[in-house]
Structure formats: structure tokens, C-alpha cells
Amino acid sequence: MTTSISLTKEAPPPPAPVVTRRGRLTEFVAPYAYIAPFFVLFAIFGLIPLLFTFYVALFDWNPIGEHVFVGLDNFARLFEDVRFWNAARNTVSIWALSTVPQLLVALVLAHLLNHVRLRFAVFFRMSMLVPYITSVAATAIVFAQMFDRDYGLLNWLLGLVGIGHIDFLQSVPGSHTLIAVMVTWRWFGYTTLLYLASLQAVPRTIYEAAAVDGAGGLRQFVHISIPALRPVIVFTIVTSTIYGLQIFTEPLLISQRAPNTCGPIRQCQTLTLFLFEQGFIQFKFGYAAAVGVALFVMVVAFAGLNYFLSTRIRPERA
């Protein structure tokens, strides 16, 4: 019996690639080169103007005259100015009236769209973006007409139940409500789609198991949907806070008779409108820059507080 022995040798493994010093440098630098354009643009159009605003706030800055250094006098004057505190109260009020309903409505709608079986579901979901892509000017015209004292739809409906006409634009609660409704209508669809996209990633079997255990729609919403949406809720709270405290276009457009003061008693003048009035109407650039610095600190504080409070909400453990 003959035994055959194979004399074929296995091929040696390929040599490891030689990494040169230049290759290691390229591998180290490449990730930073990819993200560099964003930071360069941010530095040019974001960071440098922000630092320049802090600098201008220390001067009595005449745009066509002298720049007199006054130190912190602009800030001392700011905290004694009743117009500034009125604008700050208006800003916080409008932000609260618009942000809370917007997020709650978006949360409920996203849960319903994720569960209810609709024909043409894609059409209904995409229609949520219509308010977001609509011009702010067109939105302001429509809502100003709806809330008009003499010919508005809302006052006509109030008249049917015996309530007299309300001049929304000339009162603090009315003007704040009008602006809040505009902001809520514009942004709730965008926020709804963010929540809905996150809910689509939740396995359907989790809801089915909860239904088998006897959990109704409300319990599923509280114990499954909300914990699953926690990261997106934190994101929308922070972004809504940043946008809401910098609101400018809506109060400017609805107060056409006094666009800079938003009415005779400054009933809806926000901090950005006050900044615009001081800087580009009265040309007090140093004082306007101090308002901008105060607004920046306010936005950072509110956004940080909201982030801290929202991240305290932990999903329940099984």
C-alpha cells in the first residue's frame, strides 16, 4: 500500500503594509480636515461676531463717530431700564406659551400617527411640514386677520356666544397669545415628524406585548413612547428654547403700526426687538450690544436649565 505525500508548500502570507511617517500623519490629520470647514465658518460668522459684541458692549459706540470706552456702564444702565425688563418678561411669556403646547401637541400627534392605521398615511405625515415651509410673512398676515378686532374670524365666533370683540393686538395677554399660536402652528409639524421618526424605530412587538398584558393606549404612551423619545425630547426642548427666546419676526410683522416697539405700551416687544430698536433705530450700538450679551446669557441659562431638568427624566426599568 503506497502512501502519497504532498510536497506542495503553502503560500507565505502577504507582507504587512509599510506605514510611513507621512501616512501616519495623513491618517491623523484627515478626520480633522473633514470637519474643519464647519468650524472655520462657525468662527467667521459665529464666534468672531459674538466676541465683537462683547467688545462693543464696553463702549459708547457711535457708528459714524467716536468710540468712548465706558466699561460696564451699559450693563448697569441695562438693569435699571424698565423697557429691558418689560421686553424680558414678554420674551419669557411668549416662549412659555408657545413651546409647551407645541411640544405636547407634537408628542400626542406622533403617537397617534404611529399607531392609527390611515389610508394615504405618507400624505398625512408629509402634510405636517406645510406650516414649516410656509412663509412667516404669509403666516403673520393670516393670523393677524383671524385675530383682528373688527373683522377677525375669532371675534366673529366670540360674538356668536355673546362675547364682545377683543382687541388682541393692543393687550399684553392677547398679543402674547396671538404670537404663541403662530409659533406653535409653524413648528408643531416639524417637531411631530422628529418624534414620529424616533417612534418608528421602536419594535412593534413591545406595544403588542403591552397590549396583551392589559396596557391601554394611555399607559403605552406614558411607559413606552415617552421613554423611547427621551433623547429627541431633550433635543426639541433645547432647540425650542433657543428659538423661542430669540423670537423676532412674528412680533415685528403683527405690529405694523409700531413695528419696533410692538405697540404703544410695548405689549409684545421682545428682547430682539428691543435690541433692534436701540441699535438700528436710535443707533446706540454699545447699549444694543449689551442687550445682545444679556440675551446670550439668558439663552444659555435657560437652555442649560431645560437640558438639566429634561435629562433627569429616566426611562423606567423593567
# chains A, B, ... in the order shown; residues from 1 in each chain; ligands from 1
$ residues_around --residues "Tyr207 of chain A" --least-positions-apart "6" --cutoff "12 Å" --atoms "only C-alpha atoms" --output "PDB file with all heavy atoms, in the first residue's frame"
ATOM      1  N   HIS A 111     -47.566  60.019  18.458  1.00  0.00           N
ATOM      2  CA  HIS A 111     -48.028  58.733  18.999  1.00  0.00           C
ATOM      3  C   HIS A 111     -49.228  58.215  18.213  1.00  0.00           C
ATOM      4  O   HIS A 111     -49.311  57.020  17.892  1.00  0.00           O
ATOM      5  CB  HIS A 111     -48.384  58.901  20.477  1.00  0.00           C
ATOM      6  CG  HIS A 111     -48.881  57.652  21.130  1.00  0.00           C
ATOM      7  ND1 HIS A 111     -48.047  56.614  21.502  1.00  0.00           N
ATOM      8  CD2 HIS A 111     -50.141  57.253  21.467  1.00  0.00           C
ATOM      9  CE1 HIS A 111     -48.765  55.645  22.042  1.00  0.00           C
ATOM     10  NE2 HIS A 111     -50.035  56.009  22.040  1.00  0.00           N
ATOM     11  N   ASN A 114     -48.297  57.041  14.726  1.00  0.00           N
ATOM     12  CA  ASN A 114     -47.527  55.801  14.775  1.00  0.00           C
ATOM     13  C   ASN A 114     -48.408  54.579  15.004  1.00  0.00           C
ATOM     14  O   ASN A 114     -47.989  53.451  14.734  1.00  0.00           O
ATOM     15  CB  ASN A 114     -46.475  55.889  15.885  1.00  0.00           C
ATOM     16  CG  ASN A 114     -45.485  54.751  15.845  1.00  0.00           C
ATOM     17  OD1 ASN A 114     -44.932  54.425  14.796  1.00  0.00           O
ATOM     18  ND2 ASN A 114     -45.265  54.116  16.980  1.00  0.00           N
ATOM     19  N   HIS A 115     -49.627  54.780  15.494  1.00  0.00           N
ATOM     20  CA  HIS A 115     -50.491  53.652  15.838  1.00  0.00           C
ATOM     21  C   HIS A 115     -51.723  53.551  14.951  1.00  0.00           C
ATOM     22  O   HIS A 115     -52.124  52.455  14.571  1.00  0.00           O
ATOM     23  CB  HIS A 115     -50.931  53.756  17.310  1.00  0.00           C
ATOM     24  CG  HIS A 115     -49.854  53.404  18.279  1.00  0.00           C
ATOM     25  ND1 HIS A 115     -48.830  54.264  18.592  1.00  0.00           N
ATOM     26  CD2 HIS A 115     -49.635  52.271  18.991  1.00  0.00           C
ATOM     27  CE1 HIS A 115     -48.021  53.682  19.464  1.00  0.00           C
ATOM     28  NE2 HIS A 115     -48.481  52.482  19.724  1.00  0.00           N
ATOM     29  N   LEU A 199     -40.199  57.147  16.941  1.00  0.00           N
ATOM     30  CA  LEU A 199     -41.125  56.081  17.319  1.00  0.00           C
ATOM     31  C   LEU A 199     -41.128  54.941  16.302  1.00  0.00           C
ATOM     32  O   LEU A 199     -41.430  53.791  16.652  1.00  0.00           O
ATOM     33  CB  LEU A 199     -42.544  56.647  17.457  1.00  0.00           C
ATOM     34  CG  LEU A 199     -42.806  57.513  18.684  1.00  0.00           C
ATOM     35  CD1 LEU A 199     -44.231  58.058  18.657  1.00  0.00           C
ATOM     36  CD2 LEU A 199     -42.573  56.723  19.967  1.00  0.00           C
ATOM     37  N   GLN A 200     -40.807  55.242  15.052  1.00  0.00           N
ATOM     38  CA  GLN A 200     -40.756  54.193  14.041  1.00  0.00           C
ATOM     39  C   GLN A 200     -39.676  53.167  14.352  1.00  0.00           C
ATOM     40  O   GLN A 200     -39.734  52.027  13.885  1.00  0.00           O
ATOM     41  CB  GLN A 200     -40.505  54.808  12.665  1.00  0.00           C
ATOM     42  CG  GLN A 200     -41.613  55.700  12.155  1.00  0.00           C
ATOM     43  CD  GLN A 200     -42.861  54.921  11.776  1.00  0.00           C
ATOM     44  OE1 GLN A 200     -42.793  53.939  11.048  1.00  0.00           O
ATOM     45  NE2 GLN A 200     -44.002  55.352  12.274  1.00  0.00           N
ATOM     46  N   ASP A 213     -50.647  42.324  27.944  1.00  0.00           N
ATOM     47  CA  ASP A 213     -50.605  42.440  29.406  1.00  0.00           C
ATOM     48  C   ASP A 213     -51.693  43.338  29.951  1.00  0.00           C
ATOM     49  O   ASP A 213     -51.772  43.523  31.183  1.00  0.00           O
ATOM     50  CB  ASP A 213     -49.238  42.962  29.852  1.00  0.00           C
ATOM     51  CG  ASP A 213     -48.145  41.918  29.637  1.00  0.00           C
ATOM     52  OD1 ASP A 213     -48.480  40.723  29.532  1.00  0.00           O
ATOM     53  OD2 ASP A 213     -46.957  42.316  29.556  1.00  0.00           O
ATOM     54  N   GLY A 214     -52.502  43.921  29.077  1.00  0.00           N
ATOM     55  CA  GLY A 214     -53.616  44.744  29.530  1.00  0.00           C
ATOM     56  C   GLY A 214     -53.348  46.232  29.557  1.00  0.00           C
ATOM     57  O   GLY A 214     -54.179  46.992  30.066  1.00  0.00           O
ATOM     58  N   ALA A 215     -52.218  46.689  29.007  1.00  0.00           N
ATOM     59  CA  ALA A 215     -51.911  48.121  28.992  1.00  0.00           C
ATOM     60  C   ALA A 215     -52.696  48.795  27.873  1.00  0.00           C
ATOM     61  O   ALA A 215     -52.630  48.381  26.712  1.00  0.00           O
ATOM     62  CB  ALA A 215     -50.417  48.347  28.800  1.00  0.00           C
ATOM     63  N   GLY A 216     -53.446  49.829  28.226  1.00  0.00           N
ATOM     64  CA  GLY A 216     -54.198  50.576  27.236  1.00  0.00           C
ATOM     65  C   GLY A 216     -53.331  51.576  26.498  1.00  0.00           C
ATOM     66  O   GLY A 216     -52.108  51.650  26.682  1.00  0.00           O
ATOM     67  N   GLY A 217     -53.974  52.374  25.655  1.00  0.00           N
ATOM     68  CA  GLY A 217     -53.230  53.337  24.861  1.00  0.00           C
ATOM     69  C   GLY A 217     -52.514  54.374  25.696  1.00  0.00           C
ATOM     70  O   GLY A 217     -51.376  54.752  25.396  1.00  0.00           O
ATOM     71  N   LEU A 218     -53.155  54.852  26.773  1.00  0.00           N
ATOM     72  CA  LEU A 218     -52.534  55.863  27.614  1.00  0.00           C
ATOM     73  C   LEU A 218     -51.302  55.315  28.332  1.00  0.00           C
ATOM     74  O   LEU A 218     -50.263  55.982  28.390  1.00  0.00           O
ATOM     75  CB  LEU A 218     -53.542  56.389  28.633  1.00  0.00           C
ATOM     76  CG  LEU A 218     -53.037  57.474  29.594  1.00  0.00           C
ATOM     77  CD1 LEU A 218     -52.560  58.690  28.808  1.00  0.00           C
ATOM     78  CD2 LEU A 218     -54.121  57.861  30.599  1.00  0.00           C
ATOM     79  N   ARG A 219     -51.399  54.108  28.858  1.00  0.00           N
ATOM     80  CA  ARG A 219     -50.258  53.517  29.559  1.00  0.00           C
ATOM     81  C   ARG A 219     -49.116  53.219  28.582  1.00  0.00           C
ATOM     82  O   ARG A 219     -47.944  53.379  28.928  1.00  0.00           O
ATOM     83  CB  ARG A 219     -50.686  52.250  30.284  1.00  0.00           C
ATOM     84  CG  ARG A 219     -51.658  52.488  31.437  1.00  0.00           C
ATOM     85  CD  ARG A 219     -51.885  51.238  32.227  1.00  0.00           C
ATOM     86  NE  ARG A 219     -50.658  50.786  32.875  1.00  0.00           N
ATOM     87  CZ  ARG A 219     -50.560  49.655  33.576  1.00  0.00           C
ATOM     88  NH1 ARG A 219     -51.623  48.863  33.705  1.00  0.00           N
ATOM     89  NH2 ARG A 219     -49.410  49.310  34.139  1.00  0.00           N
ATOM     90  N   GLN A 220     -49.448  52.790  27.379  1.00  0.00           N
ATOM     91  CA  GLN A 220     -48.405  52.570  26.378  1.00  0.00           C
ATOM     92  C   GLN A 220     -47.709  53.888  26.022  1.00  0.00           C
ATOM     93  O   GLN A 220     -46.484  53.929  25.845  1.00  0.00           O
ATOM     94  CB  GLN A 220     -49.017  51.955  25.116  1.00  0.00           C
ATOM     95  CG  GLN A 220     -49.534  50.543  25.307  1.00  0.00           C
ATOM     96  CD  GLN A 220     -50.115  49.981  24.018  1.00  0.00           C
ATOM     97  OE1 GLN A 220     -49.783  50.419  22.923  1.00  0.00           O
ATOM     98  NE2 GLN A 220     -51.014  49.006  24.152  1.00  0.00           N
ATOM     99  N   PHE A 221     -48.502  54.958  25.948  1.00  0.00           N
ATOM    100  CA  PHE A 221     -47.940  56.269  25.629  1.00  0.00           C
ATOM    101  C   PHE A 221     -46.983  56.736  26.724  1.00  0.00           C
ATOM    102  O   PHE A 221     -45.885  57.237  26.446  1.00  0.00           O
ATOM    103  CB  PHE A 221     -49.078  57.277  25.446  1.00  0.00           C
ATOM    104  CG  PHE A 221     -48.635  58.687  25.249  1.00  0.00           C
ATOM    105  CD1 PHE A 221     -48.015  59.082  24.076  1.00  0.00           C
ATOM    106  CD2 PHE A 221     -48.836  59.634  26.246  1.00  0.00           C
ATOM    107  CE1 PHE A 221     -47.598  60.386  23.894  1.00  0.00           C
ATOM    108  CE2 PHE A 221     -48.432  60.944  26.074  1.00  0.00           C
ATOM    109  CZ  PHE A 221     -47.814  61.323  24.897  1.00  0.00           C
ATOM    110  N   VAL A 222     -47.375  56.556  27.990  1.00  0.00           N
ATOM    111  CA  VAL A 222     -46.583  57.050  29.111  1.00  0.00           C
ATOM    112  C   VAL A 222     -45.351  56.188  29.360  1.00  0.00           C
ATOM    113  O   VAL A 222     -44.251  56.700  29.602  1.00  0.00           O
ATOM    114  CB  VAL A 222     -47.453  57.140  30.387  1.00  0.00           C
ATOM    115  CG1 VAL A 222     -46.595  57.481  31.606  1.00  0.00           C
ATOM    116  CG2 VAL A 222     -48.560  58.165  30.199  1.00  0.00           C
ATOM    117  N   HIS A 223     -45.514  54.855  29.273  1.00  0.00           N
ATOM    118  CA  HIS A 223     -44.446  53.956  29.703  1.00  0.00           C
ATOM    119  C   HIS A 223     -43.577  53.418  28.554  1.00  0.00           C
ATOM    120  O   HIS A 223     -42.534  52.819  28.814  1.00  0.00           O
ATOM    121  CB  HIS A 223     -45.032  52.774  30.481  1.00  0.00           C
ATOM    122  CG  HIS A 223     -45.730  53.188  31.747  1.00  0.00           C
ATOM    123  ND1 HIS A 223     -45.050  53.604  32.856  1.00  0.00           N
ATOM    124  CD2 HIS A 223     -47.052  53.267  32.060  1.00  0.00           C
ATOM    125  CE1 HIS A 223     -45.915  53.907  33.822  1.00  0.00           C
ATOM    126  NE2 HIS A 223     -47.138  53.723  33.360  1.00  0.00           N
ATOM    127  N   ILE A 224     -44.012  53.624  27.307  1.00  0.00           N
ATOM    128  CA  ILE A 224     -43.216  53.127  26.176  1.00  0.00           C
ATOM    129  C   ILE A 224     -42.789  54.279  25.265  1.00  0.00           C
ATOM    130  O   ILE A 224     -41.594  54.470  25.002  1.00  0.00           O
ATOM    131  CB  ILE A 224     -44.000  52.067  25.365  1.00  0.00           C
ATOM    132  CG1 ILE A 224     -44.352  50.864  26.246  1.00  0.00           C
ATOM    133  CG2 ILE A 224     -43.185  51.620  24.160  1.00  0.00           C
ATOM    134  CD1 ILE A 224     -45.178  49.814  25.543  1.00  0.00           C
ATOM    135  N   SER A 225     -43.770  55.061  24.793  1.00  0.00           N
ATOM    136  CA  SER A 225     -43.461  56.097  23.805  1.00  0.00           C
ATOM    137  C   SER A 225     -42.581  57.204  24.387  1.00  0.00           C
ATOM    138  O   SER A 225     -41.557  57.578  23.798  1.00  0.00           O
ATOM    139  CB  SER A 225     -44.763  56.696  23.256  1.00  0.00           C
ATOM    140  OG  SER A 225     -45.506  55.722  22.563  1.00  0.00           O
ATOM    141  N   ALA A 228     -38.993  56.140  25.092  1.00  0.00           N
ATOM    142  CA  ALA A 228     -38.275  55.921  23.834  1.00  0.00           C
ATOM    143  C   ALA A 228     -37.903  57.239  23.155  1.00  0.00           C
ATOM    144  O   ALA A 228     -36.899  57.322  22.440  1.00  0.00           O
ATOM    145  CB  ALA A 228     -39.126  55.072  22.887  1.00  0.00           C
TER     146      ALA A 228
END
$ residues_around --residues "segment 268-283 of chain A" --least-positions-apart "2" --cutoff "6 Å" --atoms "only C-alpha atoms" --output "number ranges by chain"
A: 87-88, 90-91, 248, 260-262, 266, 285, 288, 291
$ write_last_selection --atoms "all heavy atoms" --output "CSV table (one decimal), in the first residue's frame"
chain,number,residue,atom,x,y,z
A,87,ALA,N,-39.3,93.9,28.1
A,87,ALA,CA,-39.0,93.0,26.9
A,87,ALA,C,-38.6,91.6,27.4
A,87,ALA,O,-39.0,90.6,26.8
A,87,ALA,CB,-37.9,93.6,26.1
A,88,ALA,N,-37.9,91.5,28.5
A,88,ALA,CA,-37.5,90.2,29.0
A,88,ALA,C,-38.8,89.4,29.5
A,88,ALA,O,-38.9,88.2,29.2
A,88,ALA,CB,-36.5,90.4,30.2
A,90,ASN,N,-41.9,89.8,28.4
A,90,ASN,CA,-42.6,89.5,27.2
A,90,ASN,C,-42.0,88.3,26.5
A,90,ASN,O,-42.7,87.4,26.0
A,90,ASN,CB,-42.6,90.6,26.2
A,90,ASN,CG,-43.5,91.8,26.7
A,90,ASN,OD1,-44.3,91.6,27.5
A,90,ASN,ND2,-43.2,93.0,26.2
A,91,THR,N,-40.6,88.2,26.4
A,91,THR,CA,-39.9,87.1,25.8
A,91,THR,C,-40.2,85.8,26.5
A,91,THR,O,-40.5,84.8,25.8
A,91,THR,CB,-38.4,87.4,25.7
A,91,THR,OG1,-38.2,88.6,25.0
A,91,THR,CG2,-37.7,86.3,25.0
A,248,PHE,N,-38.3,87.1,16.8
A,248,PHE,CA,-38.2,88.5,16.3
A,248,PHE,C,-39.2,88.7,15.2
A,248,PHE,O,-39.9,89.7,15.2
A,248,PHE,CB,-36.8,88.7,15.7
A,248,PHE,CG,-36.6,90.0,15.0
A,248,PHE,CD1,-36.4,91.1,15.7
A,248,PHE,CD2,-36.6,90.0,13.6
A,248,PHE,CE1,-36.2,92.3,15.1
A,248,PHE,CE2,-36.4,91.2,13.0
A,248,PHE,CZ,-36.2,92.4,13.7
A,260,ASN,N,-41.3,98.6,15.8
A,260,ASN,CA,-40.2,98.5,16.6
A,260,ASN,C,-40.5,98.4,18.1
A,260,ASN,O,-39.7,97.7,18.8
A,260,ASN,CB,-39.3,99.7,16.4
A,260,ASN,CG,-38.9,99.9,15.0
A,260,ASN,OD1,-38.4,98.9,14.3
A,260,ASN,ND2,-39.0,101.1,14.4
A,261,THR,N,-41.6,99.0,18.5
A,261,THR,CA,-42.0,98.9,19.9
A,261,THR,C,-43.1,97.9,20.1
A,261,THR,O,-43.4,97.6,21.3
A,261,THR,CB,-42.4,100.3,20.4
A,261,THR,OG1,-43.6,100.7,19.6
A,261,THR,CG2,-41.3,101.3,20.3
A,262,CYS,N,-43.7,97.4,19.1
A,262,CYS,CA,-44.8,96.4,19.1
A,262,CYS,C,-46.0,96.9,19.9
A,262,CYS,O,-46.7,96.2,20.6
A,262,CYS,CB,-44.3,95.1,19.9
A,262,CYS,SG,-45.3,93.6,19.5
A,266,ARG,N,-45.7,98.8,24.5
A,266,ARG,CA,-44.6,97.8,24.3
A,266,ARG,C,-45.1,96.4,24.8
A,266,ARG,O,-44.4,95.7,25.4
A,266,ARG,CB,-43.3,98.2,25.0
A,266,ARG,CG,-42.7,99.5,24.5
A,266,ARG,CD,-41.5,99.9,25.3
A,266,ARG,NE,-41.0,101.1,24.9
A,266,ARG,CZ,-40.0,101.3,24.0
A,266,ARG,NH1,-39.4,100.2,23.5
A,266,ARG,NH2,-39.6,102.4,23.6
A,285,PHE,N,-25.2,101.6,19.5
A,285,PHE,CA,-24.7,100.3,19.3
A,285,PHE,C,-24.1,99.7,20.5
A,285,PHE,O,-24.2,98.5,20.7
A,285,PHE,CB,-23.6,100.4,18.2
A,285,PHE,CG,-24.2,100.4,16.8
A,285,PHE,CD1,-25.4,100.9,16.5
A,285,PHE,CD2,-23.4,100.0,15.7
A,285,PHE,CE1,-25.9,100.9,15.3
A,285,PHE,CE2,-23.9,100.0,14.4
A,285,PHE,CZ,-25.1,100.5,14.2
A,288,ALA,N,-27.1,98.5,22.6
A,288,ALA,CA,-27.7,97.4,21.9
A,288,ALA,C,-26.8,96.1,22.1
A,288,ALA,O,-27.4,95.0,22.2
A,288,ALA,CB,-27.9,97.7,20.4
A,291,VAL,N,-27.5,94.6,25.4
A,291,VAL,CA,-28.8,93.8,25.3
A,291,VAL,C,-28.5,92.5,24.7
A,291,VAL,O,-29.0,91.4,25.1
A,291,VAL,CB,-29.8,94.6,24.5
A,291,VAL,CG1,-31.1,93.7,24.4
A,291,VAL,CG2,-30.2,95.9,25.2
$ residues_around --residues "Asp73 of chain A" --least-positions-apart "4" --cutoff "10 Å" --atoms "only C-alpha atoms" --output "ChimeraX atom specification"
/A:57-60,69,77-78,286-287,290
$ write_last_selection --atoms "all heavy atoms" --output "PDB file, in the first residue's frame"
ATOM      1  N   ALA A  57     -20.005  96.158  23.621  1.00  0.00           N
ATOM      2  CA  ALA A  57     -20.821  96.452  24.803  1.00  0.00           C
ATOM      3  C   ALA A  57     -20.071  97.263  25.846  1.00  0.00           C
ATOM      4  O   ALA A  57     -20.691  97.841  26.748  1.00  0.00           O
ATOM      5  CB  ALA A  57     -21.322  95.144  25.429  1.00  0.00           C
ATOM      6  N   LEU A  58     -18.764  97.348  25.733  1.00  0.00           N
ATOM      7  CA  LEU A  58     -17.958  98.104  26.695  1.00  0.00           C
ATOM      8  C   LEU A  58     -17.736  99.549  26.259  1.00  0.00           C
ATOM      9  O   LEU A  58     -17.005 100.285  26.923  1.00  0.00           O
ATOM     10  CB  LEU A  58     -16.597  97.423  26.893  1.00  0.00           C
ATOM     11  CG  LEU A  58     -16.632  95.972  27.380  1.00  0.00           C
ATOM     12  CD1 LEU A  58     -15.222  95.404  27.432  1.00  0.00           C
ATOM     13  CD2 LEU A  58     -17.299  95.874  28.746  1.00  0.00           C
ATOM     14  N   PHE A  59     -18.375  99.972  25.167  1.00  0.00           N
ATOM     15  CA  PHE A  59     -18.144 101.300  24.616  1.00  0.00           C
ATOM     16  C   PHE A  59     -19.461 102.043  24.418  1.00  0.00           C
ATOM     17  O   PHE A  59     -20.524 101.427  24.296  1.00  0.00           O
ATOM     18  CB  PHE A  59     -17.429 101.205  23.254  1.00  0.00           C
ATOM     19  CG  PHE A  59     -16.000 100.764  23.341  1.00  0.00           C
ATOM     20  CD1 PHE A  59     -15.680  99.424  23.460  1.00  0.00           C
ATOM     21  CD2 PHE A  59     -14.971 101.694  23.292  1.00  0.00           C
ATOM     22  CE1 PHE A  59     -14.363  99.015  23.534  1.00  0.00           C
ATOM     23  CE2 PHE A  59     -13.656 101.295  23.364  1.00  0.00           C
ATOM     24  CZ  PHE A  59     -13.345  99.946  23.489  1.00  0.00           C
ATOM     25  N   ASP A  60     -19.347 103.357  24.402  1.00  0.00           N
ATOM     26  CA  ASP A  60     -20.420 104.199  23.869  1.00  0.00           C
ATOM     27  C   ASP A  60     -20.117 104.342  22.384  1.00  0.00           C
ATOM     28  O   ASP A  60     -19.388 105.237  21.965  1.00  0.00           O
ATOM     29  CB  ASP A  60     -20.431 105.553  24.577  1.00  0.00           C
ATOM     30  CG  ASP A  60     -21.561 106.437  24.078  1.00  0.00           C
ATOM     31  OD1 ASP A  60     -22.403 105.947  23.292  1.00  0.00           O
ATOM     32  OD2 ASP A  60     -21.599 107.627  24.455  1.00  0.00           O
ATOM     33  N   PHE A  69     -14.788 104.437  25.586  1.00  0.00           N
ATOM     34  CA  PHE A  69     -14.816 103.299  26.498  1.00  0.00           C
ATOM     35  C   PHE A  69     -15.565 103.695  27.776  1.00  0.00           C
ATOM     36  O   PHE A  69     -15.234 104.674  28.435  1.00  0.00           O
ATOM     37  CB  PHE A  69     -13.396 102.850  26.835  1.00  0.00           C
ATOM     38  CG  PHE A  69     -13.338 101.680  27.783  1.00  0.00           C
ATOM     39  CD1 PHE A  69     -13.544 100.399  27.321  1.00  0.00           C
ATOM     40  CD2 PHE A  69     -13.079 101.882  29.136  1.00  0.00           C
ATOM     41  CE1 PHE A  69     -13.500  99.312  28.187  1.00  0.00           C
ATOM     42  CE2 PHE A  69     -13.026 100.812  30.010  1.00  0.00           C
ATOM     43  CZ  PHE A  69     -13.242  99.520  29.541  1.00  0.00           C
ATOM     44  N   ARG A  77     -26.740 100.418  33.237  1.00  0.00           N
ATOM     45  CA  ARG A  77     -27.920 101.105  32.718  1.00  0.00           C
ATOM     46  C   ARG A  77     -28.987 100.115  32.290  1.00  0.00           C
ATOM     47  O   ARG A  77     -30.183 100.356  32.459  1.00  0.00           O
ATOM     48  CB  ARG A  77     -27.489 101.986  31.540  1.00  0.00           C
ATOM     49  CG  ARG A  77     -28.623 102.681  30.824  1.00  0.00           C
ATOM     50  CD  ARG A  77     -28.112 103.365  29.570  1.00  0.00           C
ATOM     51  NE  ARG A  77     -29.198 103.833  28.735  1.00  0.00           N
ATOM     52  CZ  ARG A  77     -29.047 104.245  27.476  1.00  0.00           C
ATOM     53  NH1 ARG A  77     -27.833 104.230  26.931  1.00  0.00           N
ATOM     54  NH2 ARG A  77     -30.075 104.656  26.771  1.00  0.00           N
ATOM     55  N   LEU A  78     -28.539  98.985  31.763  1.00  0.00           N
ATOM     56  CA  LEU A  78     -29.467  97.974  31.280  1.00  0.00           C
ATOM     57  C   LEU A  78     -30.358  97.450  32.402  1.00  0.00           C
ATOM     58  O   LEU A  78     -31.584  97.327  32.241  1.00  0.00           O
ATOM     59  CB  LEU A  78     -28.670  96.826  30.655  1.00  0.00           C
ATOM     60  CG  LEU A  78     -29.450  95.733  29.920  1.00  0.00           C
ATOM     61  CD1 LEU A  78     -30.029  96.281  28.634  1.00  0.00           C
ATOM     62  CD2 LEU A  78     -28.533  94.559  29.625  1.00  0.00           C
ATOM     63  N   GLY A 286     -23.506 100.470  21.400  1.00  0.00           N
ATOM     64  CA  GLY A 286     -22.951  99.911  22.625  1.00  0.00           C
ATOM     65  C   GLY A 286     -24.037  99.369  23.534  1.00  0.00           C
ATOM     66  O   GLY A 286     -23.905  98.268  24.096  1.00  0.00           O
ATOM     67  N   TYR A 287     -25.113 100.123  23.686  1.00  0.00           N
ATOM     68  CA  TYR A 287     -26.221  99.683  24.530  1.00  0.00           C
ATOM     69  C   TYR A 287     -26.922  98.480  23.906  1.00  0.00           C
ATOM     70  O   TYR A 287     -27.301  97.538  24.610  1.00  0.00           O
ATOM     71  CB  TYR A 287     -27.205 100.834  24.720  1.00  0.00           C
ATOM     72  CG  TYR A 287     -28.252 100.575  25.769  1.00  0.00           C
ATOM     73  CD1 TYR A 287     -27.894 100.256  27.076  1.00  0.00           C
ATOM     74  CD2 TYR A 287     -29.611 100.661  25.467  1.00  0.00           C
ATOM     75  CE1 TYR A 287     -28.857 100.022  28.044  1.00  0.00           C
ATOM     76  CE2 TYR A 287     -30.569 100.433  26.427  1.00  0.00           C
ATOM     77  CZ  TYR A 287     -30.195 100.117  27.714  1.00  0.00           C
ATOM     78  OH  TYR A 287     -31.140  99.871  28.680  1.00  0.00           O
ATOM     79  N   ALA A 290     -24.964  95.449  24.616  1.00  0.00           N
ATOM     80  CA  ALA A 290     -25.188  94.982  25.988  1.00  0.00           C
ATOM     81  C   ALA A 290     -26.479  94.180  26.078  1.00  0.00           C
ATOM     82  O   ALA A 290     -26.542  93.161  26.791  1.00  0.00           O
ATOM     83  CB  ALA A 290     -25.233  96.177  26.942  1.00  0.00           C
TER      84      ALA A 290
END
$ select_by_dssp --residues "segment 4-246 of chain A" --states "strand (DSSP E or B)" --output "list in words"
Phe59, Asp60, Trp61, His67, Val68 and Phe69 of chain A
$ write_last_selection --atoms "N, CA, C and O atoms" --output "JSON list (two decimals), in the first residue's frame"
[["chain", "number", "residue", "atom", "x", "y", "z"],
["A", 59, "PHE", "N", -18.38, 99.97, 25.17],
["A", 59, "PHE", "CA", -18.14, 101.30, 24.62],
["A", 59, "PHE", "C", -19.46, 102.04, 24.42],
["A", 59, "PHE", "O", -20.52, 101.43, 24.30],
["A", 60, "ASP", "N", -19.35, 103.36, 24.40],
["A", 60, "ASP", "CA", -20.42, 104.20, 23.87],
["A", 60, "ASP", "C", -20.12, 104.34, 22.38],
["A", 60, "ASP", "O", -19.39, 105.24, 21.97],
["A", 61, "TRP", "N", -20.67, 103.43, 21.60],
["A", 61, "TRP", "CA", -20.22, 103.20, 20.22],
["A", 61, "TRP", "C", -21.10, 103.97, 19.25],
["A", 61, "TRP", "O", -22.27, 103.65, 19.05],
["A", 67, "HIS", "N", -15.68, 106.23, 19.54],
["A", 67, "HIS", "CA", -15.97, 105.06, 20.36],
["A", 67, "HIS", "C", -15.36, 105.31, 21.74],
["A", 67, "HIS", "O", -14.15, 105.19, 21.92],
["A", 68, "VAL", "N", -16.20, 105.65, 22.70],
["A", 68, "VAL", "CA", -15.73, 106.02, 24.04],
["A", 68, "VAL", "C", -15.88, 104.81, 24.96],
["A", 68, "VAL", "O", -16.98, 104.25, 25.08],
["A", 69, "PHE", "N", -14.79, 104.44, 25.59],
["A", 69, "PHE", "CA", -14.82, 103.30, 26.50],
["A", 69, "PHE", "C", -15.56, 103.69, 27.78],
["A", 69, "PHE", "O", -15.23, 104.67, 28.44]]
$ residues_around --residues "segment 125-137 of chain A" --least-positions-apart "3" --cutoff "7 Å" --atoms "only C-alpha atoms" --output "ChimeraX atom specification"
/A:121-122,140-141,185-187,189-190,253
$ atom_distance --atom1 "atom CA of Ser171 of chain A" --atom2 "atom CA of Gln267 of chain A"
6.4 Å
